[in-house]
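What follows is the content of protein20.txt, which has compact mmCIF, C-alpha atoms and all ligand atoms:
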```
# COMPACT_ATOMS: atom_id res chain seq x y z
CA MET A 30 75.10 121.57 81.07
CA LEU A 31 76.98 119.14 83.34
CA SER A 32 75.06 115.92 83.57
CA VAL A 33 75.72 113.04 85.95
CA GLU A 34 73.45 110.08 85.32
CA ARG A 35 73.33 107.05 87.59
CA LEU A 36 77.09 107.23 88.12
CA THR A 37 77.72 104.11 90.18
CA TYR A 38 80.61 103.30 92.48
CA ALA A 39 81.40 101.15 95.53
CA HIS A 40 84.52 101.60 97.64
CA PRO A 41 86.50 98.37 97.94
CA GLY A 42 85.37 96.53 101.05
CA GLN A 43 82.21 98.60 101.52
CA THR A 44 78.84 96.91 101.35
CA GLY A 45 76.68 99.77 100.00
CA SER A 46 77.18 101.47 96.64
CA TYR A 47 76.62 105.01 95.38
CA GLU A 48 74.43 105.95 92.45
CA PHE A 49 74.75 109.66 91.73
CA SER A 50 72.49 111.68 89.41
CA LEU A 51 72.54 115.46 89.10
CA THR A 52 72.57 118.31 86.61
CA ALA A 53 74.45 121.60 86.97
CA ALA A 54 74.01 124.63 84.71
CA PRO A 55 76.73 127.05 83.53
CA GLY A 56 77.05 130.24 85.58
CA GLU A 57 75.36 128.56 88.53
CA ILE A 58 76.43 127.16 91.88
CA THR A 59 75.00 123.75 92.69
CA ALA A 60 75.24 122.87 96.39
CA ILE A 61 75.74 119.36 97.70
CA SER A 62 75.23 118.71 101.37
CA GLY A 63 75.02 115.56 103.44
CA ALA A 64 76.28 114.02 106.66
CA SER A 65 79.93 113.30 107.19
CA GLY A 66 80.77 110.06 105.38
CA SER A 67 77.72 110.26 103.10
CA GLY A 68 79.92 110.26 99.97
CA LYS A 69 80.32 113.91 98.95
CA SER A 70 84.06 113.63 98.31
CA THR A 71 83.48 110.35 96.50
CA LEU A 72 81.19 112.18 94.06
CA LEU A 73 83.79 114.90 93.43
CA ASP A 74 86.52 112.26 92.97
CA LEU A 75 84.39 110.51 90.32
CA ILE A 76 83.82 113.79 88.45
CA ALA A 77 87.51 114.72 88.69
CA GLY A 78 88.50 111.26 87.43
CA PHE A 79 90.35 110.07 90.55
CA LEU A 80 87.88 107.19 90.90
CA LYS A 81 86.42 105.04 88.11
CA PRO A 82 82.68 104.35 88.16
CA VAL A 83 81.36 100.90 87.33
CA ALA A 84 78.31 102.25 85.47
CA GLY A 85 76.53 105.47 84.51
CA SER A 86 77.47 108.55 82.54
CA LEU A 87 79.21 111.89 83.03
CA THR A 88 78.85 114.47 80.26
CA LEU A 89 79.51 118.15 79.71
CA ASP A 90 77.36 119.63 76.96
CA GLY A 91 76.94 116.13 75.58
CA THR A 92 80.66 115.21 75.61
CA ASN A 93 81.50 112.04 77.51
CA LEU A 94 84.12 112.84 80.16
CA LEU A 95 84.61 109.33 81.50
CA PRO A 96 87.37 108.24 79.07
CA LEU A 97 89.51 111.26 80.01
CA PRO A 98 92.28 110.98 82.62
CA PRO A 99 92.07 113.55 85.46
CA GLU A 100 94.56 115.98 83.88
CA GLN A 101 92.52 116.14 80.67
CA ARG A 102 89.15 116.67 82.31
CA PRO A 103 87.67 120.17 82.10
CA VAL A 104 87.77 120.36 85.89
CA SER A 105 89.39 122.56 88.55
CA LEU A 106 89.36 121.63 92.21
CA LEU A 107 89.51 123.94 95.21
CA LEU A 108 89.77 122.47 98.68
CA GLN A 109 89.41 123.72 102.23
CA SER A 110 93.13 123.76 102.87
CA GLU A 111 94.57 125.77 100.02
CA SER A 112 96.86 123.67 97.91
CA LEU A 113 99.63 126.27 97.67
CA PHE A 114 103.36 125.76 97.86
CA GLU A 115 104.15 127.73 101.01
CA HIS A 116 107.73 128.61 100.02
CA LEU A 117 106.76 130.04 96.61
CA THR A 118 105.46 133.55 95.98
CA ALA A 119 101.81 134.19 95.17
CA THR A 120 102.83 134.91 91.58
CA ARG A 121 104.71 131.59 91.21
CA ASN A 122 101.83 129.68 92.79
CA VAL A 123 99.37 131.19 90.31
CA ALA A 124 101.74 130.59 87.38
CA LEU A 125 101.56 126.85 88.12
CA GLY A 126 98.09 127.02 86.58
CA LEU A 127 99.61 127.66 83.16
CA PRO A 128 101.10 125.02 80.87
CA PRO A 129 104.92 124.85 81.31
CA GLU A 130 105.54 125.82 77.68
CA THR A 131 103.86 129.24 78.16
CA ARG A 132 106.27 132.02 77.22
CA LYS A 133 107.58 134.27 80.02
CA PRO A 134 106.01 137.60 79.00
CA GLU A 135 102.64 135.89 78.61
CA VAL A 136 103.01 134.23 82.04
CA SER A 137 103.68 137.59 83.73
CA GLN A 138 100.80 139.31 82.02
CA ARG A 139 98.25 136.55 82.63
CA VAL A 140 99.26 135.98 86.27
CA ALA A 141 99.09 139.71 87.00
CA SER A 142 95.65 139.93 85.44
CA ALA A 143 94.37 136.87 87.37
CA LEU A 144 95.71 138.26 90.67
CA ALA A 145 94.02 141.60 89.88
CA GLU A 146 90.74 139.83 89.14
CA VAL A 147 90.71 138.29 92.63
CA GLY A 148 91.73 141.62 94.23
CA LEU A 149 95.30 140.63 95.07
CA HIS A 150 97.50 142.74 92.81
CA THR A 151 99.66 143.93 95.74
CA VAL A 152 100.86 140.59 97.17
CA GLY A 153 102.37 138.93 94.09
CA ASP A 154 105.90 138.95 95.52
CA GLN A 155 104.98 137.63 98.98
CA THR A 156 105.58 133.96 99.75
CA ALA A 157 102.41 131.97 100.39
CA SER A 158 103.49 131.31 103.99
CA THR A 159 103.05 135.03 104.75
CA LEU A 160 99.48 135.26 103.39
CA SER A 161 96.24 135.06 105.40
CA GLY A 162 93.78 132.20 104.87
CA GLY A 163 91.52 134.41 102.75
CA GLN A 164 94.43 135.63 100.64
CA LYS A 165 95.53 132.04 100.06
CA GLN A 166 92.07 131.08 98.85
CA ARG A 167 92.18 134.07 96.49
CA VAL A 168 95.54 132.90 95.14
CA ALA A 169 94.06 129.41 94.61
CA LEU A 170 91.11 131.01 92.80
CA ALA A 171 93.49 133.04 90.61
CA ARG A 172 95.21 129.79 89.61
CA THR A 173 91.79 128.32 88.82
CA LEU A 174 91.10 131.34 86.63
CA LEU A 175 94.20 130.70 84.55
CA ARG A 176 93.14 127.11 83.98
CA ASP A 177 89.65 128.39 83.17
CA ARG A 178 88.11 124.93 83.14
CA PRO A 179 84.32 124.93 82.86
CA ILE A 180 83.71 122.71 85.91
CA LEU A 181 84.78 123.99 89.34
CA LEU A 182 84.63 121.56 92.25
CA LEU A 183 84.68 123.19 95.69
CA ASP A 184 85.07 120.98 98.77
CA GLU A 185 84.33 123.03 101.91
CA PRO A 186 86.37 125.95 100.51
CA PHE A 187 85.28 128.48 103.14
CA SER A 188 85.59 126.36 106.28
CA ALA A 189 88.93 127.67 107.45
CA LEU A 190 87.93 131.34 107.03
CA ASP A 191 86.57 133.83 109.55
CA ASP A 192 83.04 135.13 108.97
CA GLU A 193 83.99 138.36 107.22
CA THR A 194 86.56 136.78 104.91
CA ARG A 195 84.12 133.97 104.23
CA GLY A 196 81.57 136.48 102.97
CA THR A 197 83.98 138.14 100.56
CA ILE A 198 85.39 134.87 99.19
CA ARG A 199 81.84 133.58 98.74
CA GLU A 200 80.98 136.67 96.71
CA LEU A 201 84.12 136.23 94.65
CA VAL A 202 83.22 132.61 93.84
CA ARG A 203 79.73 133.69 92.84
CA THR A 204 81.00 136.51 90.60
CA LEU A 205 83.66 134.35 88.92
CA THR A 206 81.14 131.54 88.34
CA ILE A 207 78.75 133.93 86.59
CA GLN A 208 81.43 135.80 84.63
CA HIS A 209 83.19 132.67 83.40
CA GLY A 210 80.11 130.50 82.98
CA TRP A 211 81.54 127.81 85.25
CA HIS A 212 79.48 124.84 86.42
CA THR A 213 80.36 125.15 90.09
CA LEU A 214 79.66 122.27 92.48
CA LEU A 215 79.93 123.30 96.11
CA VAL A 216 80.23 120.65 98.81
CA THR A 217 79.41 122.19 102.16
CA HIS A 218 78.14 121.38 105.64
CA HIS A 219 77.04 124.98 106.12
CA ALA A 220 73.40 125.88 105.53
CA ASP A 221 74.35 129.56 105.19
CA ASP A 222 76.69 128.78 102.26
CA VAL A 223 73.82 126.99 100.52
CA GLU A 224 71.42 129.83 101.29
CA ALA A 225 73.83 132.51 100.06
CA LEU A 226 75.08 130.83 96.88
CA ALA A 227 73.13 127.91 95.56
CA SER A 228 70.85 128.04 92.52
CA ARG A 229 70.25 124.31 92.82
CA ARG A 230 70.57 122.07 95.89
CA TYR A 231 71.09 118.39 96.42
CA ARG A 232 71.27 116.37 99.59
CA LEU A 233 73.22 113.14 99.70
CA ALA A 234 71.90 110.27 101.82
CA ASP A 235 71.93 106.49 101.49
CA GLY A 236 74.15 106.71 98.42
CA ARG A 237 71.68 108.85 96.41
CA LEU A 238 71.36 112.57 95.67
CA VAL A 239 67.96 114.14 96.27
CA GLU A 240 67.22 117.57 94.80
CA GLY A 241 65.65 120.28 96.93
N1 LIG B 301 89.47 104.80 99.41
C1 LIG B 301 88.46 104.35 100.16
N2 LIG B 301 88.32 103.04 100.44
C2 LIG B 301 87.30 102.58 101.19
N3 LIG B 301 86.34 103.38 101.73
C3 LIG B 301 86.44 104.70 101.48
C4 LIG B 301 87.49 105.27 100.69
N4 LIG B 301 87.31 106.61 100.63
C5 LIG B 301 86.19 106.88 101.33
N5 LIG B 301 85.68 105.74 101.85
C6 LIG B 301 84.46 105.64 102.66
O1 LIG B 301 83.36 106.07 101.87
C7 LIG B 301 82.44 106.79 102.66
C8 LIG B 301 82.20 108.16 102.02
O2 LIG B 301 83.40 108.92 102.14
P1 LIG B 301 83.48 110.42 101.60
O3 LIG B 301 84.84 110.91 101.94
O4 LIG B 301 83.07 110.45 100.18
O5 LIG B 301 82.36 111.13 102.49
P2 LIG B 301 82.09 112.70 102.72
O6 LIG B 301 80.61 112.86 102.63
O7 LIG B 301 82.92 113.50 101.79
O8 LIG B 301 82.57 112.88 104.21
P3 LIG B 301 83.10 114.22 104.98
O9 LIG B 301 81.96 115.18 104.99
O10 LIG B 301 83.44 113.71 106.34
O11 LIG B 301 84.30 114.70 104.21
C9 LIG B 301 82.99 106.84 104.06
O12 LIG B 301 82.38 105.81 104.80
C10 LIG B 301 84.47 106.56 103.86
O13 LIG B 301 85.01 105.93 104.98
```
Represent the structure of the file as C-alpha cells.
Ligand SMILES: Nc1ncnc2c1ncn2[C@@H]1O[C@H](COP(=O)(O)OP(=O)(O)OP(=O)(O)O)[C@@H](O)[C@H]1O
Amino acid sequence: MLSVERLTYAHPGQTGSYEFSLTAAPGEITAISGASGSGKSTLLDLIAGFLKPVAGSLTLDGTNLLPLPPEQRPVSLLLQSESLFEHLTATRNVALGLPPETRKPEVSQRVASALAEVGLHTVGDQTASTLSGGQKQRVALARTLLRDRPILLLDEPFSALDDETRGTIRELVRTLTIQHGWHTLLVTHHADDVEALASRRYRLADGRLVEG
C-alpha cells in the first residue's frame, strides 16, 4: 500500500500550503483531479522526490520513502508529452530504462520483450521522430516496464492522443497496472479517464485531497 499522510509543502513565495493525504493500493489506479493550479503536479513532485516536504510521511508497504533521492525512489513517471529522445530508435529509447551495466544480450532480450508487451514489436528500429503519439506513449510505457518500479505516476498521459488511441493506451495502462501490481496515480482533467480507470478517486481543492 502507498500511503501519503499529511505531507505538507508550501511553494516559496506562496501564502497557502498543501497538506496531502491519500492511500493507493497495488494493482489499482487512483485518480487525482482538480482545477488547474490546484497542486496536482506538486503532489507528484513530492512523491517523486523532486520537492522536499516540511512535514508528514510517505511510505510504501511501511518503508519510509522520504530519505531517498529521486533516482532511488520506487517510482516511474509518465507525462503528457512523451519524454523520448526523438533521434534515437524505439529500441534505444526503451533500453534507457535499464541500468548502464546491463549486458548487451540481456538488453536486447528485455527490450524486445517490453516492446512486445506494449504491442510494438514491429517498430523497434524506427526513430522516435517517426512514431505516432500513441506509439510514443507505448514506447514510454515499455521503458517504464523495464524499470518495473511499484509506483507509477501519470500526469495527463492521454491528453495529446486522439479518442481511439486514447482508449487503447488507457486499456494498456490498466492491464499493466493489474499485471505488475503497480500503485498507479493518475492526474487528469478528464472525467471519462476517471470513469474508465479509477478504483479510487480524490479531488484536490484548497490544498487538500478529498476522497470520492
Ligand atoms: N516552483 C514553484 N514556485 C512557486 N510556485 C509554484 C512552483 N511550482 C508551482 N507553483 C504554483 O503552485 C500552484 C500549484 O501548481 P501545480 O503545478 O502543482 O498545479 P496543477 O494542479 O498541477 O496545475 P495544472 O493542472 O495547470 O498542471 C500554482 O499556483 C503554481 O503557480
Could you work out how far atom CA of Ala84 of chain A lies from atom O2 of ligand LIG 301 (chain B), giving the answer in Å with one decimal? 18.7 Å
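Picture a line from atom CA of Leu87 of chain A to atom O5 of ligand LIG 301 (chain B); it runs 19.7 Å.
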Quick one: residues within 12 Å of Gln155 of chain A, only C-alpha atoms, excluding same-chain residues fewer than 4 positions away - as a ChimeraX atom specification? /A:115-122,149-151,159-161,164-165,168
Excluding His212 of chain A and any residue of its chain fewer than 4 positions from it, enumerate the residues within 10 Å of it, using all atoms listed in the file, and give them as a ChimeraX atom specification. /A:30-31,52-59,89,104,178-182,206-207
Write out as an NGL selection string which residues come within 10 Å of Gly163 of chain A when counting all atoms listed in the file, dropping same-chain ones fewer than 2 positions away. :A and (111 or 160-161 or 165-169 or 187 or 189-191 or 193-195 or 197-198)
List every protein, DNA or RNA residue that has at least one atom no more than 9 Å from (100.5, 138.5, 88.4) in the file's coordinates, counting all atoms listed in the file, and write the result as a list in words. Ala119, Thr120, Arg121, Val123, Ala124, Val136, Ser137, Gln138, Arg139, Val140, Ala141, Ser142, Ala143, Leu144, Ala145, Leu149, His150, Gly153 and Asp154 of chain A
Writing out the chosen residues with C-alpha atoms as a tab-separated table (two decimals), in the coordinates of the input:
```tsv
chain	number	residue	atom	x	y	z
A	119	ALA	CA	101.81	134.19	95.17
A	120	THR	CA	102.83	134.91	91.58
A	121	ARG	CA	104.71	131.59	91.21
A	123	VAL	CA	99.37	131.19	90.31
A	124	ALA	CA	101.74	130.59	87.38
A	136	VAL	CA	103.01	134.23	82.04
A	137	SER	CA	103.68	137.59	83.73
A	138	GLN	CA	100.80	139.31	82.02
A	139	ARG	CA	98.25	136.55	82.63
A	140	VAL	CA	99.26	135.98	86.27
A	141	ALA	CA	99.09	139.71	87.00
A	142	SER	CA	95.65	139.93	85.44
A	143	ALA	CA	94.37	136.87	87.37
A	144	LEU	CA	95.71	138.26	90.67
A	145	ALA	CA	94.02	141.60	89.88
A	149	LEU	CA	95.30	140.63	95.07
A	150	HIS	CA	97.50	142.74	92.81
A	153	GLY	CA	102.37	138.93	94.09
A	154	ASP	CA	105.90	138.95	95.52
```
Could I get the residue neighbourhood of ligand LIG 301 (chain B) at 7 Å, counting all atoms listed in the file, as an MDAnalysis selection string? chainID A and resid 40:43 63:72
Next, dump the selected residues to file, keeping only C-alpha atoms, as a PDB file, in the coordinates of the input.
```
ATOM      1  CA  HIS A  40      84.520 101.600  97.640  1.00  0.00           C
ATOM      2  CA  PRO A  41      86.500  98.370  97.940  1.00  0.00           C
ATOM      3  CA  GLY A  42      85.370  96.530 101.050  1.00  0.00           C
ATOM      4  CA  GLN A  43      82.210  98.600 101.520  1.00  0.00           C
ATOM      5  CA  GLY A  63      75.020 115.560 103.440  1.00  0.00           C
ATOM      6  CA  ALA A  64      76.280 114.020 106.660  1.00  0.00           C
ATOM      7  CA  SER A  65      79.930 113.300 107.190  1.00  0.00           C
ATOM      8  CA  GLY A  66      80.770 110.060 105.380  1.00  0.00           C
ATOM      9  CA  SER A  67      77.720 110.260 103.100  1.00  0.00           C
ATOM     10  CA  GLY A  68      79.920 110.260  99.970  1.00  0.00           C
ATOM     11  CA  LYS A  69      80.320 113.910  98.950  1.00  0.00           C
ATOM     12  CA  SER A  70      84.060 113.630  98.310  1.00  0.00           C
ATOM     13  CA  THR A  71      83.480 110.350  96.500  1.00  0.00           C
ATOM     14  CA  LEU A  72      81.190 112.180  94.060  1.00  0.00           C
TER      15      LEU A  72
END
```
Could you give me, as a tab-separated table, a per-residue list for segment 118-215 of chain A showing, wherever an atom lies at most 9 Å from an atom of segment 219-239 of chain A, the closest pair of atoms and their distance in Å to one decimal, using all atoms listed in the file and sorting by chain then residue number from low to high?
```
residue	atom	partner	partner_atom	distance
A:Glu185	CA	A:His219	CA	8.6
A:Phe187	CA	A:Asp222	CA	8.6
A:Ser188	CA	A:His219	CA	8.7
A:Arg199	CA	A:Leu226	CA	7.5
A:Glu200	CA	A:Leu226	CA	8.3
A:Val202	CA	A:Leu226	CA	8.9
A:Arg203	CA	A:Leu226	CA	6.8
A:Leu215	CA	A:Ala227	CA	8.2
```
Counting all atoms listed in the file, figure out which residue out of A:Leu170, A:Leu205, A:Leu127, A:Leu36 gets nearest to Leu107 of chain A. A:Leu170
Rounded to one decimal in Å, what is the spacing between atom CA of Thr37 of chain A and atom CA of Ala77 of chain A? 14.5 Å
What box, with edges along x, y and z, holds each listed atom of segment 124-140 of chain A when 4 Å is added on every side, and can you state its centre and edge lengths in Å to one decimal, as lines of an AutoDock Vina configuration file?
```
center_x = 102.8
center_y = 132.1
center_z = 82.7
size_x = 17.5
size_y = 22.5
size_z = 18.9
```
Can I get segment 68-85 of chain A with N, CA, C and O atoms filled in, as an mmCIF file, in the frame of the given file?
```
data_model
loop_
_atom_site.group_PDB
_atom_site.id
_atom_site.type_symbol
_atom_site.label_atom_id
_atom_site.label_comp_id
_atom_site.auth_asym_id
_atom_site.auth_seq_id
_atom_site.Cartn_x
_atom_site.Cartn_y
_atom_site.Cartn_z
ATOM 1 N N GLY A 68 79.396 110.544 101.311
ATOM 2 C CA GLY A 68 79.920 110.260 99.970
ATOM 3 C C GLY A 68 80.146 111.501 99.112
ATOM 4 O O GLY A 68 80.337 111.383 97.897
ATOM 5 N N LYS A 69 80.178 112.663 99.738
ATOM 6 C CA LYS A 69 80.320 113.910 98.950
ATOM 7 C C LYS A 69 81.675 113.939 98.228
ATOM 8 O O LYS A 69 81.747 114.268 97.041
ATOM 9 N N SER A 70 82.735 113.610 98.953
ATOM 10 C CA SER A 70 84.060 113.630 98.310
ATOM 11 C C SER A 70 84.162 112.535 97.262
ATOM 12 O O SER A 70 84.849 112.702 96.235
ATOM 13 N N THR A 71 83.484 111.432 97.492
ATOM 14 C CA THR A 71 83.480 110.350 96.500
ATOM 15 C C THR A 71 82.892 110.851 95.184
ATOM 16 O O THR A 71 83.429 110.590 94.100
ATOM 17 N N LEU A 72 81.803 111.614 95.266
ATOM 18 C CA LEU A 72 81.190 112.180 94.060
ATOM 19 C C LEU A 72 82.179 113.089 93.325
ATOM 20 O O LEU A 72 82.358 112.985 92.105
ATOM 21 N N LEU A 73 82.836 113.984 94.080
ATOM 22 C CA LEU A 73 83.790 114.900 93.430
ATOM 23 C C LEU A 73 84.948 114.113 92.811
ATOM 24 O O LEU A 73 85.407 114.437 91.712
ATOM 25 N N ASP A 74 85.407 113.073 93.497
ATOM 26 C CA ASP A 74 86.520 112.260 92.970
ATOM 27 C C ASP A 74 86.129 111.559 91.665
ATOM 28 O O ASP A 74 86.951 111.382 90.767
ATOM 29 N N LEU A 75 84.857 111.148 91.560
ATOM 30 C CA LEU A 75 84.390 110.510 90.320
ATOM 31 C C LEU A 75 84.357 111.540 89.189
ATOM 32 O O LEU A 75 84.747 111.249 88.055
ATOM 33 N N ILE A 76 83.895 112.755 89.491
ATOM 34 C CA ILE A 76 83.820 113.790 88.450
ATOM 35 C C ILE A 76 85.230 114.210 88.017
ATOM 36 O O ILE A 76 85.507 114.401 86.837
ATOM 37 N N ALA A 77 86.138 114.304 88.997
ATOM 38 C CA ALA A 77 87.510 114.720 88.690
ATOM 39 C C ALA A 77 88.307 113.609 88.005
ATOM 40 O O ALA A 77 89.358 113.864 87.428
ATOM 41 N N GLY A 78 87.818 112.375 88.092
ATOM 42 C CA GLY A 78 88.500 111.260 87.430
ATOM 43 C C GLY A 78 89.475 110.517 88.329
ATOM 44 O O GLY A 78 90.217 109.671 87.849
ATOM 45 N N PHE A 79 89.456 110.791 89.641
ATOM 46 C CA PHE A 79 90.350 110.070 90.550
ATOM 47 C C PHE A 79 89.809 108.678 90.873
ATOM 48 O O PHE A 79 90.535 107.801 91.320
ATOM 49 N N LEU A 80 88.503 108.503 90.711
ATOM 50 C CA LEU A 80 87.880 107.190 90.900
ATOM 51 C C LEU A 80 87.167 106.814 89.602
ATOM 52 O O LEU A 80 86.683 107.698 88.885
ATOM 53 N N LYS A 81 87.080 105.527 89.336
ATOM 54 C CA LYS A 81 86.420 105.040 88.110
ATOM 55 C C LYS A 81 85.072 104.439 88.460
ATOM 56 O O LYS A 81 85.012 103.487 89.242
ATOM 57 N N PRO A 82 83.995 104.937 87.870
ATOM 58 C CA PRO A 82 82.680 104.350 88.160
ATOM 59 C C PRO A 82 82.528 103.000 87.469
ATOM 60 O O PRO A 82 83.199 102.747 86.464
ATOM 61 N N VAL A 83 81.604 102.189 88.004
ATOM 62 C CA VAL A 83 81.360 100.900 87.330
ATOM 63 C C VAL A 83 80.221 101.013 86.327
ATOM 64 O O VAL A 83 80.061 100.151 85.466
ATOM 65 N N ALA A 84 79.407 102.057 86.426
ATOM 66 C CA ALA A 84 78.310 102.250 85.470
ATOM 67 C C ALA A 84 77.892 103.715 85.506
ATOM 68 O O ALA A 84 78.303 104.474 86.385
ATOM 69 N N GLY A 85 77.076 104.114 84.530
ATOM 70 C CA GLY A 85 76.530 105.470 84.510
ATOM 71 C C GLY A 85 77.265 106.369 83.551
ATOM 72 O O GLY A 85 78.202 105.932 82.861
#
```
